[in-house]
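Participant: Take a look at this one; I'll ask things after.
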Amino acid sequence: MSYAIIDIGSNSVRLMLWADGKTLYKRLETTRLGASLQRTNRLSDEAMAATVRAVCSFCAEGRAAEAEVFAFATAAVRTASNGGALCRTIEETCGLRVDVVSGMLEAALGAAGALAGSDGGIIDIGGASTEVLFRSAGETNFSVSLNVGAVRLYDSCRDQINLLDEKIDEALFALDGCVPNGTVYAIGGTASTLACIERGAQYSSEMSGTRLTVGYVHKIASDMLDMTAEERKKINGMEEKRADIIAGGTYLLAKIMEKLGLDAVVFSDADNLEGYLRMKIIGVEKK
């Protein structure tokens, strides 16, 4: 069987084509769907239109590959007052039903992809939310979805450190009592960009396994907060369309690592796309 999985995120729409037991490729289109959420609690008409185009293009690509196509949406769609309207438009335009997942399920999907049944943890910094989950002895012992992410931070704080501290510290109270165990994987666009910068190269799946120390993450966050977006674009490995939001997202990751007492995290290319396949479609993992 072949499957095409589409993730409608707050910063980008992503496609994974999977067949014969392996991921063939992934691609993404940045649509910045969650850009207006912090101010209006609504998805803008422009971002919705761009997202519909991206989803329907990926849907057509999957069908052309004779794959069964599935789509799920995360924080931007589930929290926006007009998220349902976006889902209806997608279904009317390309006949694809969108599964809007909860924050807790989003955390479980990320863990299913990155941990693949092993114990350990994940930190998934998205555009509009951040998920943290730990699993021990095959069971989840901590899981939370925080209402903060790279796009939300940029919209509400830009790169002002005092505002970032206030917003992030308020959210991180939810991590009180969390005791990390095992290898902790960082997934999502912020983590992938940091892996690219650490290696000084453009993204490929070979970035998976890159170790990011708390000192490195904190230093690069500090450095980028002192740069303009145009200056960040010149950093080797930087994804240009993420240059405006990357500093706040990196600072968020650094603060989470410090809060949890983590010396390092490991970037994983496997994430909620693989997790959705495992949990919702082929049924490999149900915990």
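Naming scheme: A, B, ... for chains in displayed order of the structure tokens; residues 1 onward per chain; ligands 1 onward as shown.
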Counting only C-alpha atoms, what is within 7 Å of Arg32 of chain A, bar same-chain residues fewer than 6 positions away, as a PyMOL selection string?
Facilitator: chain A and resi 10-12+47
Participant: May I have the selected residues written with C-alpha atoms, as a short mmCIF file (atom, residue, chain, number, x, y, z; two decimals), in the first residue's frame?
Facilitator:
```cif
data_model
loop_
_atom_site.label_atom_id
_atom_site.label_comp_id
_atom_site.auth_asym_id
_atom_site.auth_seq_id
_atom_site.Cartn_x
_atom_site.Cartn_y
_atom_site.Cartn_z
CA SER A 10 0.64 26.68 11.65
CA ASN A 11 3.69 27.63 9.60
CA SER A 12 3.75 25.14 6.72
CA ALA A 47 -3.19 32.34 4.50
#
```
Participant: Give the helix (DSSP H, G or I) residues of segment 139-171 of chain A, as assigned by DSSP on the backbone, as a PyMOL selection string.
Facilitator: chain A and resi 150-157+161-171
Participant: Put those residues in a file: C-alpha atoms, as a short mmCIF file (atom, residue, chain, number, x, y, z; two decimals), in the first residue's frame.
Facilitator:
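Okay, part_15.cif is ready:
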```
data_model
loop_
_atom_site.label_atom_id
_atom_site.label_comp_id
_atom_site.auth_asym_id
_atom_site.auth_seq_id
_atom_site.Cartn_x
_atom_site.Cartn_y
_atom_site.Cartn_z
CA ALA A 150 7.41 30.10 16.98
CA VAL A 151 4.75 31.95 14.97
CA ARG A 152 2.75 33.00 18.04
CA LEU A 153 5.91 34.29 19.71
CA TYR A 154 6.91 36.29 16.66
CA ASP A 155 3.46 37.85 16.34
CA SER A 156 3.22 38.81 20.02
CA CYS A 157 6.84 39.51 20.98
CA ILE A 161 13.70 39.39 25.09
CA ASN A 162 11.61 40.75 27.95
CA LEU A 163 8.37 39.96 26.15
CA LEU A 164 9.65 36.53 25.13
CA ASP A 165 10.61 35.72 28.73
CA GLU A 166 7.20 36.79 29.99
CA LYS A 167 5.27 34.77 27.41
CA ILE A 168 7.46 31.66 27.63
CA ASP A 169 7.79 31.58 31.41
CA GLU A 170 4.01 31.76 31.75
CA ALA A 171 3.60 28.76 29.45
#
```
Participant: Residues at most 9 Å from Thr79 of chain A, counting only C-alpha atoms, excluding those fewer than 5 positions away in the same chain, as a ChimeraX atom specification?
Facilitator: /A:37,41-42,74
Participant: Counting only C-alpha atoms, figure out which residue out of A:Ala108, A:Leu252, A:Ala114, A:Val100 gets nearest to Ile187 of chain A.
Facilitator: A:Ala114
Participant: Compile the contact shell of segment 116-132 of chain A as a short mmCIF file (atom, residue, chain, number, x, y, z; two decimals) with N, CA and C atoms, in the first residue's frame: residues with an atom at most 8 Å away, counting only C-alpha atoms, same-chain residues fewer than 6 positions apart removed.
Facilitator:
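What follows is the written file out.cif:
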```
data_model
loop_
_atom_site.label_atom_id
_atom_site.label_comp_id
_atom_site.auth_asym_id
_atom_site.auth_seq_id
_atom_site.Cartn_x
_atom_site.Cartn_y
_atom_site.Cartn_z
N GLY A 9 0.01 22.52 9.16
CA GLY A 9 0.56 23.13 10.36
C GLY A 9 0.35 24.63 10.39
N SER A 10 0.82 25.25 11.45
CA SER A 10 0.64 26.68 11.65
C SER A 10 1.61 27.52 10.84
N ASN A 11 2.73 26.91 10.42
CA ASN A 11 3.69 27.63 9.60
C ASN A 11 3.77 27.06 8.19
N GLY A 34 -0.95 30.26 10.70
CA GLY A 34 -1.24 30.78 12.04
C GLY A 34 -0.81 32.21 12.29
N ALA A 75 -2.57 22.95 15.60
CA ALA A 75 -3.01 24.02 16.50
C ALA A 75 -3.71 25.18 15.82
N ALA A 76 -3.20 25.65 14.67
CA ALA A 76 -3.82 26.81 14.04
C ALA A 76 -5.28 26.55 13.71
N GLY A 103 -4.51 18.75 21.01
CA GLY A 103 -3.14 18.96 21.44
C GLY A 103 -2.52 17.70 22.01
N MET A 104 -3.28 16.95 22.79
CA MET A 104 -2.75 15.73 23.38
C MET A 104 -2.48 14.67 22.31
N GLU A 106 -1.78 15.39 19.22
CA GLU A 106 -0.62 15.89 18.48
C GLU A 106 0.67 15.47 19.17
N ALA A 107 0.72 15.55 20.50
CA ALA A 107 1.90 15.10 21.24
C ALA A 107 2.13 13.61 21.02
N GLY A 110 3.58 12.92 17.54
CA GLY A 110 5.00 13.23 17.47
C GLY A 110 5.85 12.15 18.12
N GLY A 138 7.03 1.76 28.21
CA GLY A 138 6.01 1.61 27.18
C GLY A 138 4.75 2.43 27.40
N PHE A 142 4.03 11.56 30.96
CA PHE A 142 3.85 13.01 30.97
C PHE A 142 3.54 13.46 29.56
N SER A 143 2.54 14.31 29.43
CA SER A 143 2.19 14.84 28.12
C SER A 143 1.47 16.18 28.29
N VAL A 144 1.90 17.17 27.49
CA VAL A 144 1.26 18.47 27.56
C VAL A 144 1.38 19.16 26.21
N SER A 145 0.38 19.96 25.89
CA SER A 145 0.41 20.81 24.71
C SER A 145 0.34 22.25 25.19
N LEU A 146 1.41 23.01 24.92
CA LEU A 146 1.51 24.39 25.37
C LEU A 146 1.01 25.33 24.28
N ASN A 147 0.29 26.35 24.69
CA ASN A 147 -0.29 27.30 23.74
C ASN A 147 0.72 28.38 23.36
N VAL A 148 1.88 27.93 22.90
CA VAL A 148 2.95 28.85 22.51
C VAL A 148 3.79 28.16 21.44
N GLY A 149 4.22 28.93 20.46
CA GLY A 149 5.01 28.38 19.37
C GLY A 149 5.76 29.48 18.65
N ALA A 150 6.53 29.12 17.64
CA ALA A 150 7.41 30.10 16.98
C ALA A 150 6.64 31.23 16.31
N VAL A 151 5.53 30.91 15.64
CA VAL A 151 4.75 31.95 14.97
C VAL A 151 4.03 32.83 15.99
N ARG A 152 3.43 32.23 16.99
CA ARG A 152 2.75 33.00 18.04
C ARG A 152 3.74 33.95 18.73
N PRO A 180 12.22 14.12 33.01
CA PRO A 180 12.63 13.51 31.74
C PRO A 180 13.29 12.15 31.94
N ASN A 181 13.18 11.31 30.93
CA ASN A 181 13.87 10.03 30.95
C ASN A 181 14.25 9.65 29.52
N GLY A 182 15.35 8.94 29.39
CA GLY A 182 15.76 8.44 28.09
C GLY A 182 16.21 9.54 27.15
N THR A 183 16.37 9.17 25.88
CA THR A 183 16.75 10.13 24.85
C THR A 183 15.57 11.05 24.55
N VAL A 184 15.84 12.33 24.46
CA VAL A 184 14.80 13.31 24.16
C VAL A 184 15.03 13.82 22.74
N TYR A 185 14.00 13.68 21.91
CA TYR A 185 14.09 14.09 20.51
C TYR A 185 13.39 15.43 20.32
N ALA A 186 14.02 16.30 19.56
CA ALA A 186 13.40 17.56 19.15
C ALA A 186 12.91 17.39 17.72
N ILE A 187 11.65 17.71 17.49
CA ILE A 187 11.07 17.57 16.16
C ILE A 187 10.43 18.90 15.76
N GLY A 188 10.13 19.03 14.47
CA GLY A 188 9.50 20.24 13.97
C GLY A 188 10.50 21.17 13.30
N GLY A 189 9.97 22.27 12.75
CA GLY A 189 10.76 23.16 11.92
C GLY A 189 11.87 23.90 12.65
N THR A 190 11.64 24.30 13.88
CA THR A 190 12.70 24.96 14.64
C THR A 190 13.88 24.02 14.82
N ALA A 191 13.60 22.78 15.23
CA ALA A 191 14.67 21.82 15.47
C ALA A 191 15.39 21.45 14.19
N GLY A 249 11.56 30.84 18.38
CA GLY A 249 11.39 29.39 18.51
C GLY A 249 12.61 28.74 19.14
N LEU A 253 12.95 26.72 22.76
CA LEU A 253 13.57 25.40 22.95
C LEU A 253 14.63 25.46 24.04
N GLU A 285 0.80 1.44 16.46
CA GLU A 285 0.95 1.90 17.84
C GLU A 285 -0.34 2.55 18.30
#
```
Participant: Show which residues sit within 8 Å of Leu260 of chain A, as a list in words. Count only C-alpha atoms, and ignore same-chain residues fewer than 4 positions away.
Facilitator: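 Non-adjacent residues within range: Leu175, Cys178, Val179, Pro180 and Ile256 of chain A.
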Participant: DSSP on the backbone, strand (DSSP E) only: what residues of segment 3-175 of chain A does that give? Format it as a PyMOL selection string.
Facilitator: chain A and resi 3-8+12-19+22-30+68-73+98-100+120-125+130-136+139-146
Participant: Residues of the last selection are to be written out with N, CA and C atoms, as a compact mmCIF listing (two decimals), in the first residue's frame.
Facilitator:
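Saved file selection28.txt follows:
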```txt
# COMPACT_ATOMS: atom_id res chain seq x y z
N TYR A 3 0.72 5.49 0.85
CA TYR A 3 -0.04 6.51 1.56
C TYR A 3 0.64 7.87 1.38
N ALA A 4 -0.20 8.89 1.21
CA ALA A 4 0.27 10.27 1.22
C ALA A 4 -0.36 10.94 2.44
N ILE A 5 0.48 11.43 3.33
CA ILE A 5 0.01 12.07 4.56
C ILE A 5 0.32 13.56 4.47
N ILE A 6 -0.69 14.38 4.72
CA ILE A 6 -0.54 15.83 4.66
C ILE A 6 -0.76 16.41 6.05
N ASP A 7 0.21 17.18 6.52
CA ASP A 7 0.15 17.84 7.82
C ASP A 7 -0.10 19.33 7.58
N ILE A 8 -1.25 19.82 8.02
CA ILE A 8 -1.58 21.24 7.88
C ILE A 8 -1.18 21.94 9.17
N SER A 12 3.60 25.76 8.04
CA SER A 12 3.75 25.14 6.72
C SER A 12 2.81 23.95 6.55
N VAL A 13 2.57 23.62 5.30
CA VAL A 13 1.85 22.40 4.93
C VAL A 13 2.90 21.41 4.44
N ARG A 14 2.86 20.18 4.97
CA ARG A 14 3.88 19.19 4.62
C ARG A 14 3.24 17.93 4.04
N LEU A 15 3.98 17.31 3.16
CA LEU A 15 3.55 16.06 2.53
C LEU A 15 4.58 14.99 2.79
N MET A 16 4.12 13.78 3.14
CA MET A 16 4.98 12.61 3.19
C MET A 16 4.37 11.54 2.29
N LEU A 17 5.17 11.01 1.37
CA LEU A 17 4.75 9.88 0.55
C LEU A 17 5.44 8.63 1.08
N TRP A 18 4.63 7.64 1.41
CA TRP A 18 5.12 6.41 2.05
C TRP A 18 4.64 5.21 1.26
N ALA A 19 5.53 4.26 1.01
CA ALA A 19 5.16 3.05 0.28
C ALA A 19 6.15 1.94 0.59
N LYS A 22 8.34 2.23 3.81
CA LYS A 22 9.34 3.28 4.05
C LYS A 22 8.86 4.62 3.50
N THR A 23 9.43 5.68 4.05
CA THR A 23 9.15 7.02 3.56
C THR A 23 9.95 7.25 2.28
N LEU A 24 9.24 7.61 1.21
CA LEU A 24 9.92 7.87 -0.06
C LEU A 24 10.47 9.29 -0.10
N TYR A 25 9.65 10.25 0.34
CA TYR A 25 10.13 11.63 0.41
C TYR A 25 9.15 12.47 1.21
N LYS A 26 9.63 13.65 1.60
CA LYS A 26 8.80 14.67 2.23
C LYS A 26 9.04 15.98 1.49
N ARG A 27 8.03 16.83 1.49
CA ARG A 27 8.20 18.18 0.97
C ARG A 27 7.25 19.10 1.74
N LEU A 28 7.52 20.41 1.66
CA LEU A 28 6.68 21.36 2.39
C LEU A 28 6.46 22.62 1.58
N GLU A 29 5.41 23.33 1.95
CA GLU A 29 5.09 24.65 1.41
C GLU A 29 4.76 25.55 2.58
N THR A 30 5.50 26.65 2.72
CA THR A 30 5.25 27.58 3.82
C THR A 30 4.06 28.47 3.49
N GLU A 68 -3.18 6.39 -1.16
CA GLU A 68 -4.36 6.79 -0.40
C GLU A 68 -3.96 8.04 0.39
N VAL A 69 -4.76 9.10 0.29
CA VAL A 69 -4.37 10.39 0.84
C VAL A 69 -5.13 10.69 2.14
N PHE A 70 -4.40 11.14 3.14
CA PHE A 70 -4.97 11.55 4.42
C PHE A 70 -4.41 12.92 4.79
N ALA A 71 -5.21 13.71 5.50
CA ALA A 71 -4.75 15.02 5.94
C ALA A 71 -5.18 15.25 7.39
N PHE A 72 -4.27 15.85 8.16
CA PHE A 72 -4.62 16.24 9.52
C PHE A 72 -4.14 17.65 9.77
N ALA A 73 -4.80 18.33 10.69
CA ALA A 73 -4.46 19.72 11.02
C ALA A 73 -4.21 19.84 12.51
N VAL A 98 -10.36 16.67 6.36
CA VAL A 98 -9.25 17.01 7.25
C VAL A 98 -9.58 16.55 8.67
N ASP A 99 -8.66 15.82 9.26
CA ASP A 99 -8.78 15.35 10.64
C ASP A 99 -8.10 16.39 11.54
N VAL A 100 -8.89 17.11 12.32
CA VAL A 100 -8.33 18.13 13.23
C VAL A 100 -8.00 17.44 14.56
N GLY A 120 11.45 7.33 26.14
CA GLY A 120 12.15 8.59 25.93
C GLY A 120 11.16 9.72 25.84
N GLY A 121 11.57 10.81 25.18
CA GLY A 121 10.68 11.97 25.12
C GLY A 121 10.81 12.73 23.83
N ILE A 122 9.85 13.64 23.63
CA ILE A 122 9.88 14.53 22.46
C ILE A 122 9.55 15.95 22.89
N ILE A 123 10.17 16.89 22.19
CA ILE A 123 9.80 18.31 22.28
C ILE A 123 9.50 18.75 20.86
N ASP A 124 8.27 19.14 20.62
CA ASP A 124 7.83 19.52 19.27
C ASP A 124 7.41 20.98 19.29
N ILE A 125 8.32 21.85 18.83
CA ILE A 125 8.00 23.28 18.78
C ILE A 125 7.40 23.58 17.42
N THR A 130 3.30 23.96 21.28
CA THR A 130 4.50 23.15 21.56
C THR A 130 4.07 21.96 22.39
N GLU A 131 4.48 20.76 21.94
CA GLU A 131 4.12 19.54 22.65
C GLU A 131 5.35 18.92 23.31
N VAL A 132 5.17 18.48 24.55
CA VAL A 132 6.22 17.78 25.29
C VAL A 132 5.62 16.48 25.81
N LEU A 133 6.30 15.38 25.56
CA LEU A 133 5.80 14.07 26.00
C LEU A 133 6.96 13.19 26.40
N PHE A 134 6.76 12.42 27.48
CA PHE A 134 7.74 11.42 27.92
C PHE A 134 7.04 10.08 28.12
N ARG A 135 7.78 9.03 27.77
CA ARG A 135 7.24 7.68 27.89
C ARG A 135 8.26 6.80 28.60
N SER A 136 7.77 5.97 29.50
CA SER A 136 8.62 5.06 30.25
C SER A 136 7.91 3.72 30.38
N GLU A 139 4.72 3.24 28.45
CA GLU A 139 3.51 4.03 28.76
C GLU A 139 3.86 5.51 28.87
N THR A 140 2.95 6.35 28.42
CA THR A 140 3.14 7.79 28.56
C THR A 140 2.98 8.20 30.01
N ASN A 141 3.99 8.88 30.56
CA ASN A 141 3.89 9.33 31.95
C ASN A 141 3.84 10.85 32.08
N PHE A 142 4.03 11.56 30.96
CA PHE A 142 3.85 13.01 30.97
C PHE A 142 3.54 13.46 29.56
N SER A 143 2.54 14.31 29.43
CA SER A 143 2.19 14.84 28.12
C SER A 143 1.47 16.18 28.29
N VAL A 144 1.90 17.17 27.49
CA VAL A 144 1.26 18.47 27.56
C VAL A 144 1.38 19.16 26.21
N SER A 145 0.38 19.96 25.89
CA SER A 145 0.41 20.81 24.71
C SER A 145 0.34 22.25 25.19
N LEU A 146 1.41 23.01 24.92
CA LEU A 146 1.51 24.39 25.37
C LEU A 146 1.01 25.33 24.28
```
Participant: Which residue out of A:Asn82, A:Thr250, A:Thr31, A:Thr193 has the minimum interatomic distance to Asn236 of chain A when only C-alpha atoms are used?
Facilitator: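 That would be A:Thr193, the residue with the smallest distance to Asn236 of chain A.
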Participant: Provide the atom CA of Ser36 of chain A to atom CA of Ala80 of chain A distance in Å, to one decimal place.
Facilitator: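 Going from atom CA of Ser36 of chain A over to atom CA of Ala80 of chain A covers 9.4 Å.
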Participant: One decimal, in Å: what's the spacing between atom CA of Ala85 of chain A and atom CA of Glu66 of chain A?
Facilitator: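 Interatomic distance here is 28.1 Å.
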Participant: Give me, as a JSON list (two decimals) with all heavy atoms, in the first residue's frame, all polymer residues having an atom no more than 12 Å from Ile235 of chain A, counting only C-alpha atoms and skipping those fewer than 6 positions away in the same chain.
Facilitator:
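Saved as selection-v2.json:
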```
[["chain", "number", "residue", "atom", "x", "y", "z"],
["A", 193, "THR", "N", 15.79, 23.28, 11.53],
["A", 193, "THR", "CA", 16.62, 24.42, 11.14],
["A", 193, "THR", "C", 17.89, 24.49, 11.98],
["A", 193, "THR", "O", 18.98, 24.75, 11.46],
["A", 193, "THR", "CB", 15.83, 25.73, 11.25],
["A", 193, "THR", "OG1", 14.67, 25.66, 10.43],
["A", 193, "THR", "CG2", 16.67, 26.92, 10.81],
["A", 194, "LEU", "N", 17.77, 24.24, 13.28],
["A", 194, "LEU", "CA", 18.95, 24.24, 14.14],
["A", 194, "LEU", "C", 19.92, 23.14, 13.75],
["A", 194, "LEU", "O", 21.14, 23.33, 13.80],
["A", 194, "LEU", "CB", 18.53, 24.10, 15.60],
["A", 194, "LEU", "CG", 17.78, 25.28, 16.19],
["A", 194, "LEU", "CD1", 17.36, 24.98, 17.62],
["A", 194, "LEU", "CD2", 18.62, 26.54, 16.14],
["A", 196, "CYS", "N", 20.32, 21.98, 10.74],
["A", 196, "CYS", "CA", 20.97, 22.45, 9.51],
["A", 196, "CYS", "C", 22.05, 23.47, 9.81],
["A", 196, "CYS", "O", 23.14, 23.43, 9.23],
["A", 196, "CYS", "CB", 19.93, 23.07, 8.58],
["A", 196, "CYS", "SG", 18.77, 21.88, 7.85],
["A", 197, "ILE", "N", 21.77, 24.40, 10.71],
["A", 197, "ILE", "CA", 22.75, 25.43, 11.06],
["A", 197, "ILE", "C", 23.96, 24.78, 11.73],
["A", 197, "ILE", "O", 25.11, 25.14, 11.45],
["A", 197, "ILE", "CB", 22.11, 26.49, 11.96],
["A", 197, "ILE", "CG1", 21.02, 27.26, 11.20],
["A", 197, "ILE", "CG2", 23.17, 27.46, 12.49],
["A", 197, "ILE", "CD1", 20.21, 28.18, 12.07],
["A", 198, "GLU", "N", 23.70, 23.82, 12.62],
["A", 198, "GLU", "CA", 24.80, 23.15, 13.31],
["A", 198, "GLU", "C", 25.73, 22.46, 12.31],
["A", 198, "GLU", "O", 26.95, 22.45, 12.48],
["A", 198, "GLU", "CB", 24.24, 22.14, 14.31],
["A", 198, "GLU", "CG", 25.21, 21.71, 15.40],
["A", 198, "GLU", "CD", 26.14, 20.61, 14.95],
["A", 198, "GLU", "OE1", 25.81, 19.88, 13.99],
["A", 198, "GLU", "OE2", 27.22, 20.45, 15.56],
["A", 199, "ARG", "N", 25.16, 21.91, 11.25],
["A", 199, "ARG", "CA", 25.95, 21.21, 10.23],
["A", 199, "ARG", "C", 26.36, 22.12, 9.08],
["A", 199, "ARG", "O", 27.14, 21.73, 8.22],
["A", 199, "ARG", "CB", 25.16, 20.02, 9.69],
["A", 199, "ARG", "CG", 24.90, 18.94, 10.74],
["A", 199, "ARG", "CD", 24.60, 17.64, 10.09],
["A", 199, "ARG", "NE", 24.30, 16.59, 11.05],
["A", 199, "ARG", "CZ", 24.16, 15.31, 10.72],
["A", 199, "ARG", "NH1", 24.30, 14.95, 9.45],
["A", 199, "ARG", "NH2", 23.88, 14.40, 11.63],
["A", 200, "GLY", "N", 25.80, 23.33, 9.03],
["A", 200, "GLY", "CA", 26.16, 24.26, 7.98],
["A", 200, "GLY", "C", 25.75, 23.81, 6.60],
["A", 200, "GLY", "O", 26.46, 24.03, 5.62],
["A", 201, "ALA", "N", 24.58, 23.19, 6.50],
["A", 201, "ALA", "CA", 24.13, 22.64, 5.22],
["A", 201, "ALA", "C", 22.62, 22.74, 5.10],
["A", 201, "ALA", "O", 21.92, 22.88, 6.11],
["A", 201, "ALA", "CB", 24.56, 21.18, 5.08],
["A", 202, "GLN", "N", 22.11, 22.68, 3.88],
["A", 202, "GLN", "CA", 20.68, 22.69, 3.66],
["A", 202, "GLN", "C", 20.07, 21.37, 4.10],
["A", 202, "GLN", "O", 20.75, 20.34, 4.17],
["A", 202, "GLN", "CB", 20.36, 22.97, 2.19],
["A", 202, "GLN", "CG", 20.72, 24.38, 1.75],
["A", 202, "GLN", "CD", 19.98, 25.44, 2.57],
["A", 202, "GLN", "OE1", 18.76, 25.42, 2.66],
["A", 202, "GLN", "NE2", 20.74, 26.36, 3.16],
["A", 220, "ILE", "N", 22.93, 30.13, 20.16],
["A", 220, "ILE", "CA", 22.45, 30.53, 18.84],
["A", 220, "ILE", "C", 21.16, 31.33, 18.96],
["A", 220, "ILE", "O", 20.91, 32.24, 18.16],
["A", 220, "ILE", "CB", 22.28, 29.30, 17.92],
["A", 220, "ILE", "CG1", 22.23, 29.77, 16.47],
["A", 220, "ILE", "CG2", 21.06, 28.48, 18.26],
["A", 220, "ILE", "CD1", 22.43, 28.68, 15.46],
["A", 223, "ASP", "N", 22.41, 34.78, 19.80],
["A", 223, "ASP", "CA", 23.01, 35.41, 18.62],
["A", 223, "ASP", "C", 21.93, 35.88, 17.64],
["A", 223, "ASP", "O", 21.99, 37.01, 17.12],
["A", 223, "ASP", "CB", 23.94, 34.43, 17.91],
["A", 223, "ASP", "CG", 25.22, 34.16, 18.69],
["A", 223, "ASP", "OD1", 25.51, 34.91, 19.64],
["A", 223, "ASP", "OD2", 25.91, 33.17, 18.35],
["A", 224, "MET", "N", 20.94, 35.04, 17.39],
["A", 224, "MET", "CA", 19.93, 35.38, 16.40],
["A", 224, "MET", "C", 19.00, 36.47, 16.88],
["A", 224, "MET", "O", 18.47, 37.25, 16.06],
["A", 224, "MET", "CB", 19.14, 34.13, 15.99],
["A", 224, "MET", "CG", 19.97, 33.16, 15.16],
["A", 224, "MET", "SD", 18.99, 31.88, 14.34],
["A", 224, "MET", "CE", 18.32, 30.99, 15.74],
["A", 227, "MET", "N", 20.14, 39.70, 15.68],
["A", 227, "MET", "CA", 20.22, 39.87, 14.23],
["A", 227, "MET", "C", 18.88, 40.28, 13.65],
["A", 227, "MET", "O", 17.83, 40.02, 14.25],
["A", 227, "MET", "CB", 20.63, 38.55, 13.55],
["A", 227, "MET", "CG", 21.98, 38.01, 13.91],
["A", 227, "MET", "SD", 22.24, 36.43, 13.02],
["A", 227, "MET", "CE", 23.85, 35.97, 13.65],
["A", 228, "THR", "N", 18.91, 40.88, 12.48],
["A", 228, "THR", "CA", 17.69, 41.08, 11.71],
["A", 228, "THR", "C", 17.39, 39.79, 10.94],
["A", 228, "THR", "O", 18.26, 38.91, 10.80],
["A", 228, "THR", "CB", 17.84, 42.22, 10.70],
["A", 228, "THR", "OG1", 18.83, 41.84, 9.72],
["A", 228, "THR", "CG2", 18.27, 43.50, 11.39],
["A", 229, "ALA", "N", 16.18, 39.68, 10.43],
["A", 229, "ALA", "CA", 15.82, 38.51, 9.63],
["A", 229, "ALA", "C", 16.73, 38.40, 8.41],
["A", 229, "ALA", "O", 17.12, 37.29, 8.01],
["A", 229, "ALA", "CB", 14.36, 38.58, 9.21],
["A", 242, "ARG", "N", 11.93, 30.84, 7.23],
["A", 242, "ARG", "CA", 11.79, 30.71, 8.68],
["A", 242, "ARG", "C", 12.65, 31.74, 9.42],
["A", 242, "ARG", "O", 12.65, 31.79, 10.65],
["A", 242, "ARG", "CB", 12.19, 29.28, 9.10],
["A", 242, "ARG", "CG", 11.78, 28.89, 10.51],
["A", 242, "ARG", "CD", 12.09, 27.43, 10.78],
["A", 242, "ARG", "NE", 11.22, 26.57, 10.02],
["A", 242, "ARG", "CZ", 10.02, 26.18, 10.42],
["A", 242, "ARG", "NH1", 9.55, 26.59, 11.58],
["A", 242, "ARG", "NH2", 9.28, 25.40, 9.66],
["A", 243, "ALA", "N", 13.35, 32.57, 8.68],
["A", 243, "ALA", "CA", 14.32, 33.47, 9.30],
["A", 243, "ALA", "C", 13.69, 34.46, 10.27],
["A", 243, "ALA", "O", 14.33, 34.87, 11.25],
["A", 243, "ALA", "CB", 15.10, 34.22, 8.23],
["A", 246, "ILE", "N", 12.54, 32.19, 13.61],
["A", 246, "ILE", "CA", 13.43, 31.17, 14.18],
["A", 246, "ILE", "C", 14.04, 31.57, 15.51],
["A", 246, "ILE", "O", 14.26, 30.72, 16.39],
["A", 246, "ILE", "CB", 14.55, 30.81, 13.17],
["A", 246, "ILE", "CG1", 15.38, 29.62, 13.66],
["A", 246, "ILE", "CG2", 15.45, 32.02, 12.89],
["A", 246, "ILE", "CD1", 14.61, 28.34, 13.80]]
```
Participant: In terms of the shortest atom-to-atom distance over only C-alpha atoms, which of A:Gly261, A:Arg53, A:Ser44, A:Arg39 is closest to Asp176 of chain A?
Facilitator: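 Counting only C-alpha atoms, the residue closest to Asp176 of chain A is A:Gly261.
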Participant: Could you work out how far atom CA of Ile282 of chain A lies from atom CA of Leu105 of chain A, giving the answer in Å with one decimal?
Facilitator: 16.3 Å
Participant: Considering only C-alpha atoms, state which residue in the set A:Asp269, A:Gly177, A:Tyr251, A:His218 is at the smallest distance from Glu206 of chain A.
Facilitator: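 Once distances to Glu206 of chain A are computed over only C-alpha atoms, the minimum belongs to A:Asp269.
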Participant: Skip Val52 of chain A itself and residues of its chain fewer than 6 positions away, then list as an NGL selection string all residues within 10 Å of it, counting only C-alpha atoms.
Facilitator: :A and (8 or 13 or 31 or 58 or 86-87 or 89-91 or 93-94)
Participant: Of the residues A:Ala67, A:Leu172, A:Met207, A:Leu212, which is the one nearest to Lys255 of chain A, using only C-alpha atoms?
Facilitator: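 Nearest to Lys255 of chain A: A:Leu172.
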